[in-house]
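Text of my_file.pdb, listed as PDB, C-alpha atoms:
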```pdb
MODEL        1
ATOM      1  CA  MET A   1       4.079 -15.154  14.440
ATOM      2  CA  ALA A   2       2.233 -14.348  17.649
ATOM      3  CA  ASP A   3       1.547 -17.142  20.140
ATOM      4  CA  GLN A   4      -2.201 -16.628  19.704
ATOM      5  CA  VAL A   5      -3.260 -16.640  16.046
ATOM      6  CA  GLY A   6      -6.641 -15.232  15.051
ATOM      7  CA  ARG A   7      -8.825 -16.506  12.250
ATOM      8  CA  LEU A   8     -10.894 -15.584   9.231
ATOM      9  CA  VAL A   9     -14.639 -16.125   9.641
ATOM     10  CA  LEU A  10     -16.845 -16.216   6.557
ATOM     11  CA  ALA A  11     -20.466 -15.506   7.482
ATOM     12  CA  ALA A  12     -23.626 -15.888   5.434
ATOM     13  CA  THR A  13     -26.012 -12.952   5.817
ATOM     14  CA  PRO A  14     -29.781 -12.748   5.192
ATOM     15  CA  MET A  15     -30.924 -12.273   1.602
ATOM     16  CA  GLY A  16     -33.857 -10.161   2.717
ATOM     17  CA  GLU A  17     -35.521 -11.691   5.745
ATOM     18  CA  ILE A  18     -33.685 -10.459   8.853
ATOM     19  CA  GLY A  19     -35.037 -13.393  10.820
ATOM     20  CA  ASP A  20     -32.824 -15.724   8.781
ATOM     21  CA  ALA A  21     -29.721 -14.387  10.567
ATOM     22  CA  SER A  22     -28.154 -17.041  12.748
ATOM     23  CA  GLN A  23     -27.277 -16.589  16.398
ATOM     24  CA  ARG A  24     -23.661 -17.242  15.486
ATOM     25  CA  LEU A  25     -23.733 -14.334  13.013
ATOM     26  CA  ARG A  26     -25.086 -12.067  15.744
ATOM     27  CA  GLU A  27     -22.335 -13.105  18.129
ATOM     28  CA  ALA A  28     -19.630 -12.710  15.477
ATOM     29  CA  LEU A  29     -20.771  -9.204  14.509
ATOM     30  CA  GLY A  30     -20.558  -8.165  18.126
ATOM     31  CA  SER A  31     -17.217  -9.760  18.949
ATOM     32  CA  ALA A  32     -14.949  -9.679  15.880
ATOM     33  CA  GLU A  33     -12.016  -7.284  16.049
ATOM     34  CA  ILE A  34     -12.452  -6.499  12.343
ATOM     35  CA  VAL A  35     -15.571  -6.699  10.170
ATOM     36  CA  ALA A  36     -14.640  -6.752   6.467
ATOM     37  CA  ALA A  37     -17.848  -5.798   4.653
ATOM     38  CA  GLU A  38     -18.763  -5.612   0.971
ATOM     39  CA  ASP A  39     -20.880  -2.568   1.853
ATOM     40  CA  THR A  40     -20.190  -1.026   5.256
ATOM     41  CA  ARG A  41     -23.502   0.841   5.332
ATOM     42  CA  ARG A  42     -25.525  -2.300   4.696
ATOM     43  CA  THR A  43     -23.578  -4.169   7.350
ATOM     44  CA  ARG A  44     -24.186  -1.459   9.919
ATOM     45  CA  PHE A  45     -27.886  -1.467   8.998
ATOM     46  CA  LEU A  46     -27.949  -5.260   9.424
ATOM     47  CA  ALA A  47     -26.323  -5.018  12.855
ATOM     48  CA  LYS A  48     -28.824  -2.349  13.909
ATOM     49  CA  ALA A  49     -31.746  -4.492  12.736
ATOM     50  CA  LEU A  50     -30.329  -7.409  14.733
ATOM     51  CA  GLU A  51     -29.839  -5.151  17.748
ATOM     52  CA  VAL A  52     -26.129  -5.941  17.768
ATOM     53  CA  GLU A  53     -23.416  -3.414  18.571
ATOM     54  CA  ILE A  54     -20.342  -3.784  16.374
ATOM     55  CA  THR A  55     -17.397  -3.152  18.691
ATOM     56  CA  GLY A  56     -14.652  -3.917  16.173
ATOM     57  CA  ARG A  57     -13.364  -1.933  13.235
ATOM     58  CA  VAL A  58     -15.533  -1.980  10.113
ATOM     59  CA  LEU A  59     -13.773  -1.673   6.771
ATOM     60  CA  ARG A  60     -14.785  -1.847   3.137
ATOM     61  CA  PHE A  61     -13.976  -5.142   1.407
ATOM     62  CA  ASP A  62     -15.478  -5.328  -2.079
ATOM     63  CA  ASP A  63     -14.193  -6.503  -5.460
ATOM     64  CA  HIS A  64     -12.436  -3.188  -6.100
ATOM     65  CA  VAL A  65     -10.288  -3.224  -2.952
ATOM     66  CA  GLU A  66     -10.130  -6.912  -2.033
ATOM     67  CA  SER A  67      -6.618  -7.590  -3.327
ATOM     68  CA  ALA A  68      -5.220  -4.418  -1.782
ATOM     69  CA  LYS A  69      -6.734  -5.120   1.652
ATOM     70  CA  ILE A  70      -5.650  -8.749   1.948
ATOM     71  CA  PRO A  71      -2.019  -8.288   3.157
ATOM     72  CA  ALA A  72      -3.025  -6.073   6.085
ATOM     73  CA  LEU A  73      -5.844  -8.416   7.078
ATOM     74  CA  LEU A  74      -3.493 -11.399   7.026
ATOM     75  CA  ASP A  75      -1.181  -9.520   9.387
ATOM     76  CA  GLU A  76      -4.123  -8.802  11.693
ATOM     77  CA  ILE A  77      -5.051 -12.490  11.801
ATOM     78  CA  GLU A  78      -1.448 -13.487  12.493
ATOM     79  CA  GLY A  79      -1.480 -10.938  15.314
ATOM     80  CA  GLY A  80      -4.455 -12.639  16.952
ATOM     81  CA  SER A  81      -7.461 -10.797  15.494
ATOM     82  CA  THR A  82     -10.680 -12.380  14.303
ATOM     83  CA  VAL A  83     -11.659 -11.015  10.897
ATOM     84  CA  LEU A  84     -15.346 -11.445  10.057
ATOM     85  CA  LEU A  85     -16.019 -11.291   6.311
ATOM     86  CA  VAL A  86     -19.582 -10.526   5.223
ATOM     87  CA  THR A  87     -21.168  -9.593   1.916
ATOM     88  CA  ASP A  88     -24.423  -7.811   1.138
ATOM     89  CA  ALA A  89     -26.447 -11.035   1.130
ATOM     90  CA  GLY A  90     -25.785 -14.757   1.125
ATOM     91  CA  MET A  91     -22.477 -16.590   1.346
ATOM     92  CA  PRO A  92     -19.104 -14.888   0.720
ATOM     93  CA  SER A  93     -17.051 -16.296  -2.175
ATOM     94  CA  VAL A  94     -20.195 -17.401  -4.071
ATOM     95  CA  SER A  95     -20.222 -14.711  -6.795
ATOM     96  CA  ASP A  96     -19.181 -12.321  -4.022
ATOM     97  CA  PRO A  97     -15.853 -11.201  -2.501
ATOM     98  CA  GLY A  98     -14.016 -13.669  -0.317
ATOM     99  CA  TYR A  99     -12.343 -16.258  -2.533
ATOM    100  CA  ARG A 100      -8.989 -14.484  -2.743
ATOM    101  CA  MET A 101      -8.946 -13.916   1.003
ATOM    102  CA  VAL A 102      -9.577 -17.591   1.710
ATOM    103  CA  VAL A 103      -6.808 -18.632  -0.684
ATOM    104  CA  ALA A 104      -4.391 -16.197   0.929
ATOM    105  CA  CYS A 105      -5.175 -17.531   4.408
ATOM    106  CA  VAL A 106      -4.752 -21.135   3.295
ATOM    107  CA  GLU A 107      -1.416 -20.340   1.656
ATOM    108  CA  ARG A 108      -0.267 -18.679   4.872
ATOM    109  CA  GLN A 109      -1.674 -21.551   6.979
ATOM    110  CA  LEU A 110      -4.035 -19.298   8.893
ATOM    111  CA  PRO A 111      -7.319 -20.654  10.325
ATOM    112  CA  VAL A 112     -10.492 -20.210   8.266
ATOM    113  CA  THR A 113     -14.014 -21.126   9.321
ATOM    114  CA  CYS A 114     -17.521 -20.475   8.057
ATOM    115  CA  LEU A 115     -20.834 -19.588   9.663
ATOM    116  CA  PRO A 116     -23.413 -21.240   7.365
ATOM    117  CA  GLY A 117     -26.685 -19.633   6.471
ATOM    118  CA  PRO A 118     -28.745 -18.205   3.606
ATOM    119  CA  SER A 119     -27.771 -18.974   0.019
ATOM    120  CA  ALA A 120     -29.717 -18.077  -3.116
ATOM    121  CA  VAL A 121     -28.264 -21.129  -4.857
ATOM    122  CA  THR A 122     -29.590 -23.802  -2.506
ATOM    123  CA  THR A 123     -32.839 -21.907  -1.860
ATOM    124  CA  ALA A 124     -33.604 -21.755  -5.589
ATOM    125  CA  LEU A 125     -32.740 -25.426  -6.039
ATOM    126  CA  ALA A 126     -35.134 -26.418  -3.281
ATOM    127  CA  LEU A 127     -37.973 -24.333  -4.758
ATOM    128  CA  SER A 128     -37.437 -25.243  -8.411
ATOM    129  CA  ALA A 129     -39.445 -28.494  -8.412
ATOM    130  CA  LEU A 130     -36.765 -29.912 -10.709
ATOM    131  CA  PRO A 131     -34.451 -32.919 -10.198
ATOM    132  CA  VAL A 132     -31.477 -31.343  -8.419
ATOM    133  CA  GLU A 133     -29.676 -34.273  -6.785
ATOM    134  CA  ARG A 134     -26.694 -33.192  -8.889
ATOM    135  CA  PHE A 135     -26.151 -29.591  -9.927
ATOM    136  CA  CYS A 136     -23.557 -27.076 -11.068
ATOM    137  CA  PHE A 137     -23.383 -23.362 -10.337
ATOM    138  CA  ASP A 138     -22.263 -21.018 -13.111
ATOM    139  CA  GLY A 139     -22.377 -17.620 -11.398
ATOM    140  CA  PHE A 140     -23.777 -14.836 -13.593
ATOM    141  CA  ALA A 141     -24.742 -15.617 -17.186
ATOM    142  CA  PRO A 142     -22.491 -13.854 -19.741
ATOM    143  CA  ARG A 143     -23.733 -10.378 -20.614
ATOM    144  CA  LYS A 144     -23.240 -10.438 -24.388
ATOM    145  CA  SER A 145     -25.508 -12.605 -26.523
ATOM    146  CA  GLY A 146     -22.677 -14.279 -28.454
ATOM    147  CA  GLN A 147     -20.820 -15.305 -25.320
ATOM    148  CA  ARG A 148     -24.098 -16.272 -23.649
ATOM    149  CA  ARG A 149     -25.043 -18.601 -26.493
ATOM    150  CA  GLU A 150     -21.585 -20.159 -26.426
ATOM    151  CA  TRP A 151     -22.033 -20.811 -22.697
ATOM    152  CA  LEU A 152     -25.528 -22.229 -23.242
ATOM    153  CA  ARG A 153     -24.150 -24.652 -25.827
ATOM    154  CA  THR A 154     -21.980 -26.182 -23.090
ATOM    155  CA  LEU A 155     -25.230 -27.064 -21.309
ATOM    156  CA  LEU A 156     -26.729 -28.944 -24.257
ATOM    157  CA  THR A 157     -25.586 -32.279 -22.853
ATOM    158  CA  GLU A 158     -24.960 -31.277 -19.215
ATOM    159  CA  PRO A 159     -26.885 -33.873 -17.149
ATOM    160  CA  ARG A 160     -26.773 -31.827 -13.944
ATOM    161  CA  ALA A 161     -29.196 -29.044 -13.122
ATOM    162  CA  CYS A 162     -27.531 -25.664 -13.626
ATOM    163  CA  VAL A 163     -28.047 -22.678 -11.329
ATOM    164  CA  PHE A 164     -27.075 -19.198 -12.420
ATOM    165  CA  PHE A 165     -27.741 -15.550 -11.616
ATOM    166  CA  GLU A 166     -29.087 -13.017 -14.095
ATOM    167  CA  ALA A 167     -29.750  -9.295 -14.019
ATOM    168  CA  PRO A 168     -33.469  -8.502 -14.372
ATOM    169  CA  HIS A 169     -32.983  -6.287 -17.430
ATOM    170  CA  ARG A 170     -31.157  -9.108 -19.255
ATOM    171  CA  LEU A 171     -33.446 -11.978 -18.235
ATOM    172  CA  ALA A 172     -35.720 -11.854 -21.299
ATOM    173  CA  ASP A 173     -32.786 -11.875 -23.734
ATOM    174  CA  CYS A 174     -31.081 -14.655 -21.786
ATOM    175  CA  LEU A 175     -34.162 -16.882 -21.854
ATOM    176  CA  ALA A 176     -34.722 -16.139 -25.555
ATOM    177  CA  ASP A 177     -31.152 -17.274 -26.275
ATOM    178  CA  ALA A 178     -31.752 -20.371 -24.141
ATOM    179  CA  VAL A 179     -34.795 -21.282 -26.237
ATOM    180  CA  GLU A 180     -32.762 -21.029 -29.450
ATOM    181  CA  VAL A 181     -29.826 -23.035 -28.128
ATOM    182  CA  LEU A 182     -31.462 -25.556 -25.787
ATOM    183  CA  GLY A 183     -34.966 -25.768 -27.231
ATOM    184  CA  ALA A 184     -38.297 -24.548 -25.910
ATOM    185  CA  ASP A 185     -39.105 -27.741 -24.001
ATOM    186  CA  ARG A 186     -36.217 -27.718 -21.511
ATOM    187  CA  ARG A 187     -37.680 -27.050 -18.061
ATOM    188  CA  ALA A 188     -36.495 -24.283 -15.746
ATOM    189  CA  ALA A 189     -37.498 -22.121 -12.815
ATOM    190  CA  VAL A 190     -36.983 -18.381 -12.450
ATOM    191  CA  CYS A 191     -36.717 -17.359  -8.794
ATOM    192  CA  ARG A 192     -36.867 -13.685  -7.882
ATOM    193  CA  GLU A 193     -36.573 -11.813  -4.579
ATOM    194  CA  LEU A 194     -35.955 -15.030  -2.630
ATOM    195  CA  THR A 195     -36.981 -14.810   1.060
ATOM    196  CA  LYS A 196     -38.231 -11.245   0.520
ATOM    197  CA  THR A 197     -41.759  -9.831   0.676
ATOM    198  CA  TYR A 198     -42.392 -10.213  -3.059
ATOM    199  CA  GLU A 199     -40.738 -13.600  -3.519
ATOM    200  CA  GLU A 200     -41.850 -15.277  -6.721
ATOM    201  CA  VAL A 201     -40.973 -18.573  -8.398
ATOM    202  CA  VAL A 202     -42.116 -19.060 -11.988
ATOM    203  CA  ARG A 203     -41.811 -22.624 -13.273
ATOM    204  CA  GLY A 204     -42.273 -23.997 -16.780
ATOM    205  CA  ASN A 205     -40.407 -24.805 -19.946
ATOM    206  CA  LEU A 206     -38.028 -22.311 -21.520
ATOM    207  CA  GLY A 207     -40.532 -21.297 -24.151
ATOM    208  CA  GLU A 208     -43.118 -20.395 -21.516
ATOM    209  CA  LEU A 209     -40.610 -18.590 -19.320
ATOM    210  CA  ALA A 210     -39.188 -16.602 -22.232
ATOM    211  CA  ALA A 211     -42.694 -15.392 -23.118
ATOM    212  CA  TRP A 212     -43.353 -14.483 -19.467
ATOM    213  CA  ALA A 213     -40.073 -12.578 -19.128
ATOM    214  CA  VAL A 214     -40.891 -10.260 -22.038
ATOM    215  CA  GLU A 215     -43.127  -8.300 -19.665
ATOM    216  CA  GLY A 216     -40.090  -7.586 -17.496
ATOM    217  CA  ALA A 217     -38.944  -8.834 -14.108
ATOM    218  CA  ARG A 218     -37.564  -6.973 -11.115
ATOM    219  CA  GLY A 219     -35.323  -7.807  -8.204
ATOM    220  CA  GLU A 220     -32.607 -10.382  -7.628
ATOM    221  CA  ILE A 221     -32.923 -13.238 -10.138
ATOM    222  CA  THR A 222     -31.750 -16.838  -9.754
ATOM    223  CA  VAL A 223     -32.466 -19.351 -12.528
ATOM    224  CA  VAL A 224     -32.473 -23.137 -12.214
ATOM    225  CA  LEU A 225     -32.182 -25.006 -15.511
ATOM    226  CA  GLU A 226     -33.088 -28.675 -15.761
ATOM    227  CA  GLY A 227     -30.263 -31.013 -16.679
ATOM    228  CA  ALA A 228     -30.205 -32.504 -20.166
ATOM    229  CA  GLN A 229     -32.126 -35.732 -20.552
ATOM    230  CA  PRO A 230     -29.988 -38.669 -21.713
ATOM    231  CA  VAL A 231     -30.571 -39.586 -25.338
ATOM    232  CA  ALA A 232     -30.320 -43.270 -26.169
ATOM    233  CA  ALA A 233     -27.667 -43.940 -28.767
ATOM    234  CA  ASP A 234     -28.577 -45.632 -32.046
ATOM    235  CA  PRO A 235     -26.805 -49.020 -32.211
ATOM    236  CA  ALA A 236     -26.068 -48.410 -35.902
ATOM    237  CA  ASP A 237     -24.018 -45.347 -34.932
ATOM    238  CA  LEU A 238     -21.788 -47.481 -32.710
ATOM    239  CA  VAL A 239     -20.830 -50.119 -35.262
ATOM    240  CA  ASP A 240     -17.520 -48.435 -36.137
ATOM    241  CA  GLU A 241     -16.588 -48.304 -32.449
ATOM    242  CA  VAL A 242     -17.213 -52.037 -32.110
ATOM    243  CA  GLU A 243     -15.239 -52.781 -35.259
ATOM    244  CA  SER A 244     -12.312 -50.756 -33.937
ATOM    245  CA  LEU A 245     -12.196 -53.051 -30.937
ATOM    246  CA  THR A 246     -12.440 -56.203 -33.027
ATOM    247  CA  ALA A 247      -9.555 -54.922 -35.160
ATOM    248  CA  GLU A 248      -7.502 -54.910 -31.968
ATOM    249  CA  GLY A 249      -8.206 -58.612 -31.539
ATOM    250  CA  ILE A 250     -11.203 -58.432 -29.201
ATOM    251  CA  ARG A 251     -13.951 -60.994 -29.884
ATOM    252  CA  LEU A 252     -17.088 -59.513 -31.458
ATOM    253  CA  LYS A 253     -19.342 -60.463 -28.553
ATOM    254  CA  ASP A 254     -16.899 -59.009 -26.019
ATOM    255  CA  ALA A 255     -16.531 -55.816 -28.055
ATOM    256  CA  CYS A 256     -20.324 -55.427 -28.214
ATOM    257  CA  ALA A 257     -20.580 -55.999 -24.467
ATOM    258  CA  GLN A 258     -17.940 -53.329 -23.765
ATOM    259  CA  VAL A 259     -19.497 -50.678 -26.002
ATOM    260  CA  ALA A 260     -23.013 -51.479 -24.756
ATOM    261  CA  ALA A 261     -21.899 -51.030 -21.149
ATOM    262  CA  GLU A 262     -20.350 -47.653 -21.975
ATOM    263  CA  THR A 263     -23.312 -46.295 -23.946
ATOM    264  CA  GLY A 264     -26.352 -47.948 -22.381
ATOM    265  CA  VAL A 265     -27.611 -49.558 -25.589
ATOM    266  CA  SER A 266     -28.805 -53.145 -25.766
ATOM    267  CA  ARG A 267     -25.942 -55.581 -26.294
ATOM    268  CA  ARG A 268     -28.133 -57.802 -28.476
ATOM    269  CA  GLU A 269     -29.290 -54.874 -30.650
ATOM    270  CA  LEU A 270     -25.703 -53.696 -31.044
ATOM    271  CA  TYR A 271     -24.549 -57.206 -32.030
ATOM    272  CA  ASP A 272     -27.327 -57.440 -34.629
ATOM    273  CA  ALA A 273     -26.433 -53.970 -35.959
ATOM    274  CA  VAL A 274     -22.806 -55.062 -36.486
ATOM    275  CA  LEU A 275     -23.878 -58.221 -38.322
ATOM    276  CA  THR A 276     -26.269 -56.216 -40.505
ATOM    277  CA  ALA A 277     -23.530 -53.717 -41.348
ATOM    278  CA  ARG A 278     -21.162 -56.538 -42.249
ATOM    279  CA  ARG A 279     -23.723 -58.168 -44.500
ATOM    280  CA  ASN A 280     -24.459 -54.888 -46.222
ATOM    281  CA  GLY A 281     -20.760 -54.349 -46.650
ATOM    282  CA  GLY A 282     -20.239 -57.774 -48.106
ATOM    283  CA  ASP A 283     -18.319 -59.033 -45.055
ATOM    284  CA  SER A 284     -18.996 -62.381 -43.420
ATOM    285  CA  SER A 285     -19.487 -62.743 -39.694
TER
ENDMDL
END
```

Do you think you could lay out the structure here as structure tokens?
Amino acid sequence: MADQVGRLVLAATPMGEIGDASQRLREALGSAEIVAAEDTRRTRFLAKALEVEITGRVLRFDDHVESAKIPALLDEIEGGSTVLLVTDAGMPSVSDPGYRMVVACVERQLPVTCLPGPSAVTTALALSALPVERFCFDGFAPRKSGQRREWLRTLLTEPRACVFFEAPHRLADCLADAVEVLGADRRAAVCRELTKTYEEVVRGNLGELAAWAVEGARGEITVVLEGAQPVAADPADLVDEVESLTAEGIRLKDACAQVAAETGVSRRELYDAVLTARRNGGDSS
């Protein structure tokens, strides 16, 4: 290995508004020995708009060639080169090329850093007007209805907000499936063309959004889905769980306290439910 090792630099690029480009991105475009770009033409256009001259070598680095290009790029980094990895918009590795390259660098113990910046995920979360203290990101929604409904069923009890991308021509079908699986009242926000001239955020419940989407939507789409609201358990449904604990030798009151703490039900109501079930079953307390 050379005495001076280079590094991989992941850089977030503007989603539409050129002014969102960071000064660090400008400097990296002008100084990196290699610029690995998802679309070389878009990257050159970005540099021109930023009035930056790319002095390094620009090469294509998209999903189709990523694996094939990695070994040579690792050798370049080991030889002392800085490789700047950029995608068409937003942060590399987030539903864009980059993940495999990062893993390869980590496995080879080569330096990796990131220039933060625009992200459709966090921008949509901020604009959604939904509780997003905790969230999950699911990439693109499945294309086929059957697979999409199966995925939506995993969100039935997901307490975190869920962010996902969707193609505009599939949005109406996706939201219609969401209504059937999750119900019309679940709240969501459809964000399109974020940071661009025709940015639009449509908020409402799934029923309202599904009806709106029938007219068609254009541009880049990011959806934020409200997390599932906790449903209080019925103490009567937890009687068997309490009795299982008492069968193990745990006192009834202690068993009720344990199950109540785990489920959020009232300890007193759970205790009364157990006694009622025992009376109805002919057992004594």

Atom pair CA of Thr43 (chain A) / CA of Gly6 (chain A): separation (Å) =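 Result for CA of Thr43 (chain A) versus CA of Gly6 (chain A): 21.6 Å, one decimal.
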
Counting all atoms listed in the file, the residue of A:Lys253, A:Arg134, A:Arg7, A:Arg100 that sits nearest Arg267 (chain A) |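 Closest candidate: A:Lys253.
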
Have a look at A:Leu155, A:Val52, A:Leu209, A:Ala120 and name the one nearest to Gln229 (chain A); count only C-alpha atoms.
->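 Among the listed residues, A:Leu155 lies closest to Gln229 (chain A).
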
Could you please give me, as a list in words, the residues of protein, DNA or RNA lying at most 7 Å from (-40.3, -25.1, -15.2) in the coordinate frame of the file, considering only C-alpha atoms?
-> Arg187, Ala188, Ala189, Arg203, Gly204 and Asn205 of chain A

For Asp75 (chain A), list every protein, DNA or RNA residue within 12 Å, evaluated using all atoms listed in the file, and leave out those in the same chain fewer than 2 positions away; present the list as a list in words.
->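 The residues satisfying every condition are Met1, Ala2, Val5, Gly6, Arg7, Leu8, Lys69, Ile70, Pro71, Ala72, Leu73, Ile77, Glu78, Gly79, Gly80, Ser81, Thr82, Val83, Ala104, Cys105, Arg108 and Leu110 of chain A.
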
Evaluate the PyMOL selection byres ((chain A and resi 12) around 12) and report residues as a ChimeraX atom specification = /A:9-11,13-15,18,20-26,28-29,37,43,84-94,96,98,113-120

Check what the PyMOL selection byres ((chain A and resi 208) around 12) selects in the file above and give those residues as a PyMOL selection string.
-> chain A and resi 172+175-176+178-179+183-190+202-207+209-214

Written selection (C-alpha atoms) as an mmCIF file, in the coordinates of the input:
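Writing done, so here's part.cif:
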```cif
data_model
loop_
_atom_site.group_PDB
_atom_site.id
_atom_site.type_symbol
_atom_site.label_atom_id
_atom_site.label_comp_id
_atom_site.auth_asym_id
_atom_site.auth_seq_id
_atom_site.Cartn_x
_atom_site.Cartn_y
_atom_site.Cartn_z
ATOM 1 C CA ALA A 172 -35.720 -11.854 -21.299
ATOM 2 C CA LEU A 175 -34.162 -16.882 -21.854
ATOM 3 C CA ALA A 176 -34.722 -16.139 -25.555
ATOM 4 C CA ALA A 178 -31.752 -20.371 -24.141
ATOM 5 C CA VAL A 179 -34.795 -21.282 -26.237
ATOM 6 C CA GLY A 183 -34.966 -25.768 -27.231
ATOM 7 C CA ALA A 184 -38.297 -24.548 -25.910
ATOM 8 C CA ASP A 185 -39.105 -27.741 -24.001
ATOM 9 C CA ARG A 186 -36.217 -27.718 -21.511
ATOM 10 C CA ARG A 187 -37.680 -27.050 -18.061
ATOM 11 C CA ALA A 188 -36.495 -24.283 -15.746
ATOM 12 C CA ALA A 189 -37.498 -22.121 -12.815
ATOM 13 C CA VAL A 190 -36.983 -18.381 -12.450
ATOM 14 C CA VAL A 202 -42.116 -19.060 -11.988
ATOM 15 C CA ARG A 203 -41.811 -22.624 -13.273
ATOM 16 C CA GLY A 204 -42.273 -23.997 -16.780
ATOM 17 C CA ASN A 205 -40.407 -24.805 -19.946
ATOM 18 C CA LEU A 206 -38.028 -22.311 -21.520
ATOM 19 C CA GLY A 207 -40.532 -21.297 -24.151
ATOM 20 C CA LEU A 209 -40.610 -18.590 -19.320
ATOM 21 C CA ALA A 210 -39.188 -16.602 -22.232
ATOM 22 C CA ALA A 211 -42.694 -15.392 -23.118
ATOM 23 C CA TRP A 212 -43.353 -14.483 -19.467
ATOM 24 C CA ALA A 213 -40.073 -12.578 -19.128
ATOM 25 C CA VAL A 214 -40.891 -10.260 -22.038
#
```

Contact residues around Gly219 (chain A) with all atoms listed in the file at 7 Å, ignoring same-chain residues under 3 positions, as number ranges by chain | A: 168, 192-193

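Summary of the local environment: counting only C-alpha atoms, residues at most 9 Å from Phe135 (chain A), other than itself and those fewer than 3 positions away along its chain, are Leu125, Pro131, Val132, Pro159, Arg160, Ala161, Cys162, Val163 and Gly227 of chain A.
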
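Among the candidate residues A:Val103, A:Ala47, A:Ala257, A:Ala228, the one lying nearest to Leu245 (chain A) is A:Ala257, with distances computed using only C-alpha atoms.
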
For Arg41 (chain A), please output as a ChimeraX atom specification all residues within 12 Å (counting only C-alpha atoms; exclusion window: fewer than 2 positions along the same chain).
-> /A:35-39,43-48,58-61,87-88

CA of Leu270 (chain A) to CA of Ala232 (chain A), distance in Å rounded to a single decimal | 12.4 Å

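Here the question is which of A:Thr246, A:Cys174, A:Ser128, A:Arg268 gets nearest to Glu200 (chain A) using all atoms listed in the file, and that residue is A:Ser128.
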
For Glu53 (chain A), which residue among A:Glu27, A:Thr222, A:Ile34, A:Leu74 is the nearest when counting all atoms listed in the file?
->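 Of A:Glu27, A:Thr222, A:Ile34, A:Leu74, the one nearest Glu53 (chain A), counting all atoms listed in the file, is A:Glu27.
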
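The space between CA of Val181 (chain A) and CA of Asp138 (chain A) spans 16.9 Å.
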
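Listed by chain and then by number, the residues chosen by the PyMOL selection byres ((chain A and resi 195) around 6) in this file are Gly16, Glu17, Leu194 and Lys196 of chain A.
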
Taking (-25.1, -16.7, -19.9) in the file's coordinates as the center, which residues reach within 10 Å of it, counting only C-alpha atoms, put as a PDB file with C-alpha atoms, keeping the file's coordinate frame?
```pdb
ATOM      1  CA  ASP A 138     -22.263 -21.018 -13.111  1.00  0.00           C
ATOM      2  CA  GLY A 139     -22.377 -17.620 -11.398  1.00  0.00           C
ATOM      3  CA  PHE A 140     -23.777 -14.836 -13.593  1.00  0.00           C
ATOM      4  CA  ALA A 141     -24.742 -15.617 -17.186  1.00  0.00           C
ATOM      5  CA  PRO A 142     -22.491 -13.854 -19.741  1.00  0.00           C
ATOM      6  CA  ARG A 143     -23.733 -10.378 -20.614  1.00  0.00           C
ATOM      7  CA  LYS A 144     -23.240 -10.438 -24.388  1.00  0.00           C
ATOM      8  CA  SER A 145     -25.508 -12.605 -26.523  1.00  0.00           C
ATOM      9  CA  GLY A 146     -22.677 -14.279 -28.454  1.00  0.00           C
ATOM     10  CA  GLN A 147     -20.820 -15.305 -25.320  1.00  0.00           C
ATOM     11  CA  ARG A 148     -24.098 -16.272 -23.649  1.00  0.00           C
ATOM     12  CA  ARG A 149     -25.043 -18.601 -26.493  1.00  0.00           C
ATOM     13  CA  GLU A 150     -21.585 -20.159 -26.426  1.00  0.00           C
ATOM     14  CA  TRP A 151     -22.033 -20.811 -22.697  1.00  0.00           C
ATOM     15  CA  LEU A 152     -25.528 -22.229 -23.242  1.00  0.00           C
ATOM     16  CA  ARG A 153     -24.150 -24.652 -25.827  1.00  0.00           C
ATOM     17  CA  PHE A 164     -27.075 -19.198 -12.420  1.00  0.00           C
ATOM     18  CA  PHE A 165     -27.741 -15.550 -11.616  1.00  0.00           C
ATOM     19  CA  GLU A 166     -29.087 -13.017 -14.095  1.00  0.00           C
ATOM     20  CA  ARG A 170     -31.157  -9.108 -19.255  1.00  0.00           C
ATOM     21  CA  LEU A 171     -33.446 -11.978 -18.235  1.00  0.00           C
ATOM     22  CA  ASP A 173     -32.786 -11.875 -23.734  1.00  0.00           C
ATOM     23  CA  CYS A 174     -31.081 -14.655 -21.786  1.00  0.00           C
ATOM     24  CA  LEU A 175     -34.162 -16.882 -21.854  1.00  0.00           C
ATOM     25  CA  ASP A 177     -31.152 -17.274 -26.275  1.00  0.00           C
ATOM     26  CA  ALA A 178     -31.752 -20.371 -24.141  1.00  0.00           C
TER      27      ALA A 178
END
```
